[in-house]
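The next block is coords-v2.txt, given as compact mmCIF, C-alpha atoms and all ligand atoms.
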```
# COMPACT_ATOMS: atom_id res chain seq x y z
CA MET A 1 63.62 100.09 141.14
CA GLN A 2 62.89 99.59 137.47
CA PRO A 3 65.45 100.50 134.79
CA LYS A 4 64.45 101.42 131.24
CA PRO A 5 63.18 98.17 129.66
CA GLN A 6 66.17 97.86 127.34
CA ILE A 7 68.72 98.15 130.21
CA GLY A 8 67.64 95.08 132.21
CA ASN A 9 69.77 92.44 130.47
CA LEU A 10 72.67 94.48 129.13
CA PRO A 11 76.07 92.97 129.95
CA VAL A 12 78.71 95.05 131.72
CA TYR A 13 81.56 95.74 129.29
CA GLN A 14 84.59 93.54 130.02
CA PRO A 15 87.83 95.16 128.88
CA GLY A 16 91.04 93.14 128.45
CA LYS A 17 92.72 91.91 131.63
CA PRO A 18 95.24 94.38 133.08
CA ILE A 19 98.89 93.25 133.26
CA GLU A 20 99.04 93.49 137.07
CA GLU A 21 96.00 91.22 137.46
CA VAL A 22 97.47 88.55 135.19
CA LYS A 23 100.82 88.69 137.04
CA ARG A 24 99.07 88.27 140.39
CA GLU A 25 96.66 85.54 139.31
CA LEU A 26 99.21 83.41 137.45
CA GLY A 27 102.30 84.21 139.51
CA LEU A 28 104.18 85.52 136.47
CA ASP A 29 107.02 88.09 136.52
CA GLN A 30 106.90 89.06 132.86
CA VAL A 31 103.60 89.82 131.16
CA ILE A 32 102.98 91.74 127.93
CA LYS A 33 99.61 93.08 126.86
CA LEU A 34 98.84 93.01 123.15
CA ALA A 35 95.09 93.18 123.69
CA SER A 36 93.89 96.78 123.51
CA ASN A 37 95.68 98.22 120.48
CA GLU A 38 97.75 100.58 122.62
CA ASN A 39 100.91 102.25 121.37
CA PRO A 40 103.97 100.19 122.48
CA TYR A 41 106.17 103.31 122.12
CA GLY A 42 104.14 105.38 124.60
CA SER A 43 103.66 109.01 123.63
CA SER A 44 105.73 111.97 122.46
CA PRO A 45 108.18 113.36 125.09
CA ALA A 46 106.41 116.71 124.56
CA VAL A 47 103.30 115.21 126.16
CA LYS A 48 105.04 114.70 129.49
CA GLU A 49 106.24 118.31 129.52
CA ALA A 50 102.73 119.56 128.77
CA ILE A 51 101.31 117.47 131.60
CA GLN A 52 103.98 118.73 133.99
CA ALA A 53 102.98 122.30 133.22
CA GLU A 54 99.34 121.52 134.09
CA LEU A 55 100.09 120.03 137.51
CA SER A 56 99.81 123.39 139.27
CA SER A 57 96.22 123.82 138.02
CA LEU A 58 94.61 120.60 139.19
CA SER A 59 92.06 122.45 141.32
CA LEU A 60 90.65 124.22 138.28
CA TYR A 61 87.95 122.88 136.01
CA PRO A 62 89.04 122.38 132.42
CA ASP A 63 87.95 124.62 129.56
CA GLY A 64 84.62 122.96 128.73
CA SER A 65 84.92 123.98 125.10
CA ALA A 66 88.56 122.87 124.77
CA VAL A 67 89.26 126.06 122.82
CA GLU A 68 93.02 125.71 122.48
CA LEU A 69 92.83 122.05 121.44
CA THR A 70 89.98 122.82 119.03
CA ARG A 71 92.10 125.55 117.45
CA ALA A 72 95.09 123.23 117.11
CA LEU A 73 93.01 120.45 115.56
CA ALA A 74 91.24 122.84 113.19
CA ARG A 75 94.67 123.98 111.99
CA HIS A 76 95.87 120.40 111.68
CA THR A 77 92.85 119.10 109.77
CA GLY A 78 91.82 122.22 107.84
CA VAL A 79 88.22 122.17 109.14
CA GLN A 80 86.40 125.02 110.91
CA GLU A 81 86.46 125.12 114.71
CA ASP A 82 82.67 124.67 114.88
CA GLN A 83 83.04 121.35 113.04
CA ILE A 84 84.87 119.69 115.96
CA ILE A 85 83.72 118.08 119.21
CA PHE A 86 85.94 116.41 121.83
CA GLY A 87 84.98 113.56 124.10
CA CYS A 88 86.22 111.32 126.87
CA GLY A 89 87.70 109.08 124.18
CA SER A 90 85.87 108.53 120.91
CA ASP A 91 83.85 106.06 122.99
CA GLU A 92 82.05 109.07 124.45
CA ILE A 93 81.40 110.62 121.03
CA ILE A 94 79.77 107.33 119.97
CA ALA A 95 77.59 107.42 123.10
CA LEU A 96 76.68 111.08 122.54
CA ILE A 97 75.71 110.41 118.92
CA ALA A 98 73.46 107.58 120.07
CA ARG A 99 72.02 109.82 122.82
CA ALA A 100 71.31 112.65 120.39
CA PHE A 101 70.06 110.72 117.38
CA LEU A 102 68.66 107.29 118.40
CA MET A 103 65.25 106.72 119.95
CA SER A 104 63.51 103.54 120.99
CA GLY A 105 62.38 101.76 117.82
CA ASP A 106 64.85 103.53 115.53
CA GLU A 107 67.14 101.35 113.46
CA ASN A 108 70.87 101.56 113.05
CA ILE A 109 73.10 99.50 110.80
CA MET A 110 76.57 98.11 111.49
CA ALA A 111 78.78 95.20 110.47
CA ASP A 112 78.16 91.88 112.24
CA GLN A 113 81.68 91.92 113.69
CA THR A 114 82.86 95.40 114.46
CA PHE A 115 83.58 97.70 117.40
CA SER A 116 81.06 96.61 120.04
CA VAL A 117 80.46 100.10 121.47
CA TYR A 118 78.12 101.03 118.55
CA ARG A 119 75.82 98.17 119.45
CA SER A 120 75.94 98.70 123.22
CA ASN A 121 75.01 102.37 122.92
CA ALA A 122 72.23 101.62 120.44
CA ASP A 123 70.93 99.03 122.94
CA ILE A 124 70.97 101.61 125.74
CA GLU A 125 68.79 103.92 123.63
CA GLY A 126 66.41 101.05 122.79
CA ALA A 127 67.24 101.18 119.07
CA VAL A 128 67.22 98.12 116.83
CA SER A 129 70.66 97.13 115.50
CA VAL A 130 70.81 95.54 112.06
CA GLU A 131 74.10 93.64 111.84
CA VAL A 132 75.23 93.03 108.27
CA PRO A 133 77.75 90.21 107.60
CA LEU A 134 81.27 91.23 106.68
CA VAL A 135 82.57 89.73 103.44
CA ASP A 136 86.15 88.48 103.81
CA GLY A 137 86.32 90.60 106.95
CA THR A 138 85.37 93.75 105.02
CA HIS A 139 82.28 95.95 105.23
CA ASP A 140 79.70 95.04 102.57
CA LEU A 141 78.51 98.60 101.96
CA SER A 142 75.93 97.62 99.30
CA ALA A 143 74.35 95.08 101.64
CA MET A 144 74.31 97.70 104.41
CA LEU A 145 72.50 100.10 102.06
CA SER A 146 69.91 97.46 101.21
CA HIS A 147 68.81 97.49 104.88
CA VAL A 148 68.06 101.22 104.96
CA ASN A 149 64.42 102.11 105.52
CA ASP A 150 62.42 105.05 106.95
CA ARG A 151 63.35 104.08 110.51
CA THR A 152 67.11 103.94 109.81
CA LYS A 153 69.01 106.74 111.60
CA ILE A 154 72.68 105.77 111.57
CA ILE A 155 75.09 103.53 109.61
CA TRP A 156 78.36 102.84 111.44
CA VAL A 157 81.42 102.18 109.26
CA CYS A 158 84.60 101.25 111.13
CA ASN A 159 87.60 101.93 108.88
CA PRO A 160 89.95 100.11 109.50
CA ASN A 161 87.47 97.68 111.00
CA ASN A 162 88.10 96.47 114.52
CA PRO A 163 88.75 93.48 114.84
CA THR A 164 89.43 92.43 111.25
CA GLY A 165 91.77 95.32 110.35
CA THR A 166 90.36 95.62 106.82
CA ILE A 167 89.61 98.91 105.05
CA VAL A 168 87.08 100.26 102.56
CA SER A 169 88.66 102.38 99.83
CA GLU A 170 87.81 105.99 98.97
CA GLU A 171 86.13 104.77 95.78
CA GLU A 172 83.93 102.29 97.67
CA LEU A 173 83.13 104.84 100.36
CA THR A 174 82.08 107.66 98.01
CA ALA A 175 79.98 105.27 95.84
CA PHE A 176 78.23 104.30 99.09
CA LEU A 177 77.83 107.87 100.40
CA ASP A 178 76.32 108.90 97.04
CA ARG A 179 73.51 106.40 97.67
CA VAL A 180 72.84 106.96 101.40
CA PRO A 181 69.56 108.87 101.81
CA GLY A 182 69.76 112.29 103.47
CA HIS A 183 67.86 111.22 106.62
CA VAL A 184 70.61 108.70 107.52
CA MET A 185 73.82 109.70 109.30
CA VAL A 186 77.02 107.85 108.40
CA VAL A 187 79.52 107.59 111.26
CA LEU A 188 82.97 106.79 109.91
CA ASP A 189 85.11 105.57 112.79
CA GLU A 190 88.76 106.21 111.95
CA ALA A 191 90.34 105.39 115.32
CA TYR A 192 93.33 103.85 113.49
CA TYR A 193 93.48 106.44 110.69
CA GLU A 194 97.09 107.53 111.32
CA TYR A 195 98.40 103.97 110.98
CA VAL A 196 97.03 103.35 107.49
CA THR A 197 99.60 103.40 104.68
CA ASP A 198 97.44 102.00 101.84
CA SER A 199 96.95 104.63 99.12
CA SER A 200 93.32 103.58 98.46
CA TYR A 201 92.34 104.60 102.03
CA PRO A 202 89.91 107.56 101.99
CA SER A 203 90.86 111.14 102.74
CA SER A 204 87.67 111.60 104.66
CA ILE A 205 87.98 115.24 105.79
CA PRO A 206 87.41 116.72 102.29
CA LEU A 207 84.34 114.46 102.00
CA LEU A 208 82.67 116.34 104.87
CA SER A 209 81.85 119.28 102.59
CA ARG A 210 80.32 116.94 99.99
CA TYR A 211 78.27 114.81 102.39
CA SER A 212 76.46 116.79 105.10
CA ASN A 213 75.35 113.56 106.86
CA LEU A 214 78.92 112.32 107.46
CA VAL A 215 80.63 112.24 110.88
CA VAL A 216 84.31 111.26 111.20
CA LEU A 217 85.62 109.93 114.52
CA ARG A 218 89.28 109.87 115.50
CA THR A 219 91.22 109.56 118.74
CA PHE A 220 94.37 110.42 120.67
CA SER A 221 94.32 106.93 122.24
CA LYS A 222 96.06 105.01 119.48
CA ILE A 223 99.04 106.39 117.53
CA TYR A 224 99.27 109.48 119.78
CA GLY A 225 99.62 107.12 122.74
CA ILE A 226 97.54 108.88 125.41
CA ALA A 227 94.73 106.33 125.87
CA SER A 228 94.74 106.84 129.64
CA LEU A 229 93.95 110.55 129.26
CA ARG A 230 90.77 109.81 127.26
CA VAL A 231 90.62 112.29 124.39
CA GLY A 232 88.78 111.48 121.17
CA TYR A 233 86.93 113.66 118.70
CA GLY A 234 84.27 113.93 116.05
CA ILE A 235 84.32 116.12 112.94
CA ALA A 236 81.16 116.94 110.97
CA GLN A 237 79.10 119.83 109.66
CA PRO A 238 78.49 122.52 112.36
CA GLU A 239 74.79 121.65 112.67
CA ILE A 240 75.56 118.05 113.67
CA ILE A 241 78.32 119.16 116.07
CA ARG A 242 75.93 121.64 117.69
CA LEU A 243 73.38 118.88 118.34
CA ILE A 244 75.98 116.53 119.82
CA ASN A 245 77.26 119.40 122.01
CA GLN A 246 73.74 119.82 123.38
CA VAL A 247 73.87 116.36 125.00
CA ARG A 248 77.51 116.58 126.16
CA GLU A 249 78.52 116.94 129.82
CA PRO A 250 80.12 120.34 130.39
CA PHE A 251 83.61 119.14 131.42
CA ASN A 252 84.00 115.90 129.47
CA THR A 253 87.73 116.21 128.78
CA SER A 254 90.33 117.04 131.46
CA ARG A 255 92.84 119.89 131.53
CA ILE A 256 95.67 117.39 131.40
CA GLY A 257 94.05 115.52 128.52
CA GLN A 258 93.56 118.70 126.50
CA ALA A 259 97.11 119.96 127.10
CA ALA A 260 98.57 116.53 126.32
CA ALA A 261 96.57 116.30 123.09
CA VAL A 262 97.81 119.72 121.91
CA ALA A 263 101.40 118.62 122.53
CA ALA A 264 100.83 115.22 120.91
CA LEU A 265 99.34 116.79 117.80
CA ASP A 266 102.33 119.09 117.55
CA ASP A 267 104.79 116.18 117.34
CA GLN A 268 104.03 114.66 113.93
CA ALA A 269 107.57 113.25 113.75
CA PHE A 270 106.61 110.89 116.59
CA VAL A 271 103.44 109.88 114.72
CA LYS A 272 105.41 109.16 111.56
CA GLU A 273 107.98 107.11 113.44
CA CYS A 274 105.24 105.00 115.09
CA ARG A 275 103.52 104.47 111.73
CA THR A 276 106.80 103.24 110.17
CA LYS A 277 107.60 100.90 113.09
CA ASN A 278 104.02 99.58 113.07
CA ALA A 279 104.22 98.80 109.34
CA ALA A 280 107.47 96.89 109.94
CA GLY A 281 105.78 95.04 112.83
CA ILE A 282 102.87 94.03 110.59
CA GLU A 283 105.30 92.75 107.98
CA TYR A 284 107.19 90.72 110.57
CA LEU A 285 104.05 89.21 112.11
CA GLN A 286 102.46 88.39 108.74
CA LYS A 287 105.68 86.66 107.67
CA GLU A 288 105.74 84.64 110.89
CA PHE A 289 102.06 83.68 110.54
CA LYS A 290 102.81 82.42 107.04
CA ARG A 291 105.74 80.39 108.37
CA LEU A 292 103.42 78.86 110.97
CA GLY A 293 100.79 78.10 108.30
CA LEU A 294 98.25 80.50 109.83
CA ALA A 295 95.86 82.63 107.76
CA ALA A 296 95.66 86.27 108.85
CA PHE A 297 93.52 89.15 107.62
CA PRO A 298 95.28 92.01 105.84
CA ALA A 299 96.05 94.52 108.60
CA HIS A 300 95.77 98.29 108.20
CA GLY A 301 95.64 99.40 111.84
CA ASN A 302 97.97 98.41 114.70
CA PHE A 303 96.48 94.95 115.20
CA ILE A 304 96.05 91.70 113.27
CA LEU A 305 93.25 89.13 113.34
CA VAL A 306 94.78 85.70 112.80
CA ASP A 307 93.12 82.31 112.50
CA VAL A 308 94.83 79.93 114.91
CA GLY A 309 92.66 76.97 113.88
CA LEU A 310 91.62 76.19 117.47
CA PRO A 311 88.94 77.62 119.78
CA SER A 312 90.28 81.13 120.37
CA LYS A 313 89.46 81.18 124.08
CA GLU A 314 91.66 78.12 124.65
CA VAL A 315 94.56 79.72 122.79
CA PHE A 316 93.93 82.93 124.75
CA GLN A 317 94.26 81.01 128.05
CA SER A 318 97.40 79.17 126.91
CA LEU A 319 99.02 82.45 125.83
CA LEU A 320 98.00 84.04 129.13
CA HIS A 321 99.91 81.33 131.00
CA LYS A 322 102.94 82.24 128.89
CA GLY A 323 102.55 85.89 129.89
CA VAL A 324 100.99 87.23 126.68
CA ILE A 325 97.55 88.89 126.77
CA VAL A 326 95.70 88.99 123.44
CA ARG A 327 92.00 89.34 122.52
CA ALA A 328 89.77 86.38 121.70
CA GLY A 329 86.11 85.39 121.68
CA PHE A 330 84.93 87.21 118.54
CA GLU A 331 81.56 85.65 117.84
CA LYS A 332 81.93 85.49 114.04
CA TYR A 333 85.57 84.41 114.20
CA PRO A 334 85.65 81.70 116.90
CA THR A 335 89.11 80.42 115.91
CA CYS A 336 90.75 83.84 115.54
CA ILE A 337 92.72 85.90 118.02
CA ARG A 338 93.41 89.62 117.66
CA VAL A 339 96.91 90.71 118.54
CA THR A 340 98.15 94.27 118.82
CA VAL A 341 101.33 94.99 116.87
CA GLY A 342 103.86 95.54 119.65
CA SER A 343 107.51 96.56 119.68
CA GLN A 344 109.81 94.13 117.84
CA SER A 345 110.78 92.38 121.08
CA GLN A 346 107.11 92.05 122.14
CA ASN A 347 106.23 90.67 118.71
CA GLU A 348 109.02 88.09 119.02
CA ILE A 349 107.86 87.06 122.52
CA PHE A 350 104.32 86.68 121.18
CA ILE A 351 105.35 84.57 118.18
CA SER A 352 107.53 82.34 120.32
CA ALA A 353 104.65 81.83 122.82
CA LEU A 354 102.17 81.19 120.00
CA GLU A 355 104.47 78.61 118.45
CA GLN A 356 104.64 76.80 121.78
CA VAL A 357 100.89 76.70 122.40
CA LEU A 358 99.73 75.60 118.93
N1 LIG B 401 86.71 103.03 117.75
C1 LIG B 401 87.42 101.92 117.56
C2 LIG B 401 87.29 101.20 116.27
C3 LIG B 401 88.26 101.43 118.55
O1 LIG B 401 88.94 100.29 118.37
C4 LIG B 401 88.36 102.14 119.77
C5 LIG B 401 89.26 101.69 120.90
N2 LIG B 401 89.33 100.40 121.18
C6 LIG B 401 87.59 103.28 119.92
C7 LIG B 401 86.79 103.71 118.90
C8 LIG B 401 87.56 104.06 121.20
O2 LIG B 401 88.77 104.61 121.52
P1 LIG B 401 88.89 105.80 122.56
O3 LIG B 401 87.60 105.85 123.34
O4 LIG B 401 90.04 105.43 123.41
O5 LIG B 401 89.09 107.02 121.75
```

What's the structure tokens form of this structure?
Amino acid sequence: MQPKPQIGNLPVYQPGKPIEEVKRELGLDQVIKLASNENPYGSSPAVKEAIQAELSSLSLYPDGSAVELTRALARHTGVQEDQIIFGCGSDEIIALIARAFLMSGDENIMADQTFSVYRSNADIEGAVSVEVPLVDGTHDLSAMLSHVNDRTKIIWVCNPNNPTGTIVSEEELTAFLDRVPGHVMVVLDEAYYEYVTDSSYPSSIPLLSRYSNLVVLRTFSKIYGIASLRVGYGIAQPEIIRLINQVREPFNTSRIGQAAAVAALDDQAFVKECRTKNAAGIEYLQKEFKRLGLAAFPAHGNFILVDVGLPSKEVFQSLLHKGVIVRAGFEKYPTCIRVTVGSQSQNEIFISALEQVL
């Protein structure tokens, strides 16, 4: 059996270790996971009620067009319903964009340390990925532009960038979009959009009417706290959404996921509360890093990349033995770990463990 040539050597994606596995392997009673940028406060109570109401319909397929959720999101964002597509997480939207727009030999441009799913999906399609160095952990949009040629199909901009947490401002973004040629799609991944409090951060939805090649990605996995239900979305001009829909599986989001997302969207007080607590958590962690003499990147999402001055995989292992799971092994940042901003007590446990292992 022969796979497509580009599939042969692709690695299988390794997500962070689950809590139960770490407990079992290391014989620990207490383990906290600050590795996958999940919401430490769970989700809105309204989500559980919405799920409860769906439990009598488990034998039914979901609405393949997610009409009710589309309507709710159109109302929430102010875009037209035909500008929205839902996926099994925004991961799936990324895969669908690659499936619809990248062919073998095409080029796509991304930062040299960013969300790895852009690269893995480009690899699957046989496209060439041009990885442009971050500058101080931030996208260098001019350098990215300088790599555009006739074969370029997509530029991926992760804002805030995972794992560095940095943002590009509205001014930087629009100056960049003004110069991107029409044959190139810009995918603006805003998975952490709701966490950002910096006033220079772009309002990207109004930009969609100015730039017809722009796609904005967001998710219900982060601040809305329903990562396990796998609901993410893309917003763009109807023509782009129609093309992505053409390569989508018919029932890619579940009934429970759709109902939960409608309820989650409806509880903006919960979102606001999480944003406020997250900002306080960032402040606490940055203050503690300073006390410990550690340099950290400015954080705009719900995670911080901090330089621990030692090989990150060693620090990862030491923290694991203390019952704290973080993320390490970023190729361009070999002495940095990425930690999710947890609840105050989780943050304190993490800092205390970090202090002991350094
Ligand atoms: N984009 C970025 C930048 C992310 O960090 C993540 C989650 N780790 C995703 C997209 C995908 O999230 P989901 O598939 O859960 O929507």

- Task: Using all atoms listed in the file, find each protein or nucleic acid residue lying at most 7 Å from ligand LIG 401 (chain B); present the set as an MDAnalysis selection string.
- Result: chainID A and resid 36:37 88:92 115 158 161:162 189:191 218:221 227 230:232

Counting only C-alpha atoms, write as a ChimeraX atom specification all protein and nucleic acid residues lying at most 8 Å from (98.4, 86.2, 107.5) in the file's frame.
/A:285-287,289-290,294-298,306

Exercise for the section: Considering all atoms listed in the file, return as a list in words whatever protein or nucleic-acid residues lie within 8 Å of stretch 341-344 of chain A, sequence-local ones (same chain, fewer than 6 positions apart) excluded. Expected result: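 Final neighbour list, sorted by chain and number: Leu34, Asn37, Asn39, Pro40, Tyr41, Lys277, Asn278, Gly281, Ile282, Leu285, Asn302, Phe303 and Ile304 of chain A.
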
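Summary of the local environment: counting only C-alpha atoms, residues at most 12 Å from A:Val357, other than itself and those fewer than 4 positions away along its chain, are Leu292, Val308, Gly309, Leu310, Ser312, Glu314, Val315, Phe316, Gln317, Ser318, Leu319, Leu320, His321, Lys322, Gly323, Val324, Phe350, Ile351, Ser352 and Ala353 of chain A.
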
Could you list, as a compact mmCIF listing (two decimals) with C-alpha atoms, keeping the file's coordinate frame, every residue within 10 Å of A:Glu249, counting only C-alpha atoms and ignoring same-chain residues fewer than 5 positions away?
```txt
# COMPACT_ATOMS: atom_id res chain seq x y z
CA GLY A 64 84.62 122.96 128.73
CA GLY A 87 84.98 113.56 124.10
CA CYS A 88 86.22 111.32 126.87
CA LEU A 96 76.68 111.08 122.54
```

Would you mind telling me which residue in A:Gln268, A:Thr166, A:Ser59, A:Thr276 lies nearest to A:Tyr195 when using all atoms listed in the file?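 Going through A:Gln268, A:Thr166, A:Ser59, A:Thr276 one by one, the smallest distance to A:Tyr195 is for A:Thr276.
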
Q. Which residue, A:Ile155, A:Val31, A:Ala264, A:Leu145, has the smallest gap to A:Arg119 when you use all atoms listed in the file?
A.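 Nearest candidate to A:Arg119 out of A:Ile155, A:Val31, A:Ala264, A:Leu145: A:Ile155.
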
Across A:Thr197, A:Ser204, A:Gln6, A:Gln14, the smallest distance to A:Ala279, with only C-alpha atoms counted, is shown by A:Thr197

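Taking atom CA of A:Val196 and atom CA of A:Cys336 as endpoints, the distance between them is 22.0 Å.
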
Excluding A:Ala53 and its own-chain neighbours fewer than 3 positions away, which residues fall within 12 Å of it when counting all atoms listed in the file? Please give them as a PDB file with C-alpha atoms, in the coordinates of the input.
```
ATOM      1  CA  ALA A  46     106.410 116.710 124.560  1.00  0.00           C
ATOM      2  CA  VAL A  47     103.300 115.210 126.160  1.00  0.00           C
ATOM      3  CA  LYS A  48     105.040 114.700 129.490  1.00  0.00           C
ATOM      4  CA  GLU A  49     106.240 118.310 129.520  1.00  0.00           C
ATOM      5  CA  ALA A  50     102.730 119.560 128.770  1.00  0.00           C
ATOM      6  CA  SER A  56      99.810 123.390 139.270  1.00  0.00           C
ATOM      7  CA  SER A  57      96.220 123.820 138.020  1.00  0.00           C
ATOM      8  CA  LEU A  58      94.610 120.600 139.190  1.00  0.00           C
ATOM      9  CA  ARG A 255      92.840 119.890 131.530  1.00  0.00           C
ATOM     10  CA  ILE A 256      95.670 117.390 131.400  1.00  0.00           C
ATOM     11  CA  ALA A 259      97.110 119.960 127.100  1.00  0.00           C
ATOM     12  CA  ALA A 260      98.570 116.530 126.320  1.00  0.00           C
ATOM     13  CA  ALA A 263     101.400 118.620 122.530  1.00  0.00           C
TER      14      ALA A 263
END
```

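Take atom CA of A:Ser104 and atom CA of A:Glu125: the distance between them is 5.9 Å.
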
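When all atoms listed in the file are used to measure the gap to A:Thr77, the shortest distance among A:Val12, A:Val326, A:Leu28, A:Leu265 belongs to A:Leu265.
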
Fewer than 5 positions away in the same chain doesn't count, so skip those; otherwise give me all residues within 10 Å of A:Ala269, counting all atoms listed in the file, as a PDB file with C-alpha atoms, in the coordinates of the input.
```pdb
ATOM      1  CA  SER A  44     105.730 111.970 122.460  1.00  0.00           C
ATOM      2  CA  CYS A 274     105.240 105.000 115.090  1.00  0.00           C
ATOM      3  CA  ARG A 275     103.520 104.470 111.730  1.00  0.00           C
TER       4      ARG A 275
END
```

Rounded to one decimal in Å, what is the spacing between atom CA of A:Ile97 and atom CA of A:Val186?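 Straight-line distance from atom CA of A:Ile97 to atom CA of A:Val186 works out to 10.9 Å.
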
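Minimum atom-to-atom distances from A:Ala328, A:Ala261, A:Ile241, A:Leu173 to A:Leu217 were compared using all atoms listed in the file, and the lowest value belongs to A:Ile241.
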
### Query
Nearest to A:Asn347: which of A:Phe330, A:Val215, A:Ala280, A:His183 is it, counting all atoms listed in the file?
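Result for the nearest residue to A:Asn347: A:Ala280.
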
Original post:
What residues have an atom no more than 10 Å from (70.3, 103.3, 101.9) in the file's own frame, counting all atoms listed in the file, and can you write them as a ChimeraX atom specification?
Top reply: /A:141-150,152,155,176-184

Show me that you can extract stretch 235-241 of chain A, keeping all heavy atoms, and write it as a compact mmCIF listing (two decimals), in the first residue's frame.
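Okay, this is what ended up in decode_11.txt:
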```txt
# COMPACT_ATOMS: atom_id res chain seq x y z
N ILE A 235 -14.95 32.90 9.39
CA ILE A 235 -15.80 33.96 8.83
C ILE A 235 -15.04 34.59 7.66
O ILE A 235 -13.83 34.89 7.78
CB ILE A 235 -16.14 35.05 9.87
CG1 ILE A 235 -16.74 34.42 11.13
CG2 ILE A 235 -17.09 36.08 9.29
CD1 ILE A 235 -17.20 35.44 12.17
N ALA A 236 -15.72 34.72 6.54
CA ALA A 236 -15.09 35.30 5.34
C ALA A 236 -16.19 35.73 4.38
O ALA A 236 -17.39 35.64 4.70
CB ALA A 236 -14.18 34.26 4.67
N GLN A 237 -15.79 36.19 3.21
CA GLN A 237 -16.78 36.52 2.18
C GLN A 237 -17.51 35.24 1.75
O GLN A 237 -16.92 34.15 1.76
CB GLN A 237 -16.09 37.17 0.98
CG GLN A 237 -15.61 38.59 1.26
CD GLN A 237 -16.76 39.52 1.65
OE1 GLN A 237 -17.88 39.37 1.19
NE2 GLN A 237 -16.47 40.46 2.54
N PRO A 238 -18.81 35.34 1.36
CA PRO A 238 -19.60 34.16 1.05
C PRO A 238 -18.95 33.22 0.01
O PRO A 238 -19.07 32.00 0.12
CB PRO A 238 -20.90 34.76 0.47
CG PRO A 238 -20.99 36.11 1.08
CD PRO A 238 -19.58 36.59 1.27
N GLU A 239 -18.24 33.78 -0.95
CA GLU A 239 -17.62 32.95 -1.99
C GLU A 239 -16.58 31.99 -1.38
O GLU A 239 -16.51 30.80 -1.75
CB GLU A 239 -16.97 33.87 -3.04
CG GLU A 239 -16.17 33.18 -4.12
CD GLU A 239 -17.00 32.23 -4.98
OE1 GLU A 239 -18.24 32.19 -4.84
OE2 GLU A 239 -16.37 31.48 -5.76
N ILE A 240 -15.79 32.49 -0.45
CA ILE A 240 -14.78 31.63 0.20
C ILE A 240 -15.48 30.58 1.06
O ILE A 240 -15.13 29.40 1.04
CB ILE A 240 -13.82 32.49 1.07
CG1 ILE A 240 -12.98 33.41 0.18
CG2 ILE A 240 -12.93 31.60 1.92
CD1 ILE A 240 -12.00 34.29 0.97
N ILE A 241 -16.51 31.01 1.81
CA ILE A 241 -17.23 30.07 2.69
C ILE A 241 -17.88 28.96 1.85
O ILE A 241 -17.87 27.78 2.22
CB ILE A 241 -18.29 30.83 3.53
CG1 ILE A 241 -17.60 31.83 4.47
CG2 ILE A 241 -19.21 29.87 4.30
CD1 ILE A 241 -16.62 31.24 5.46
```
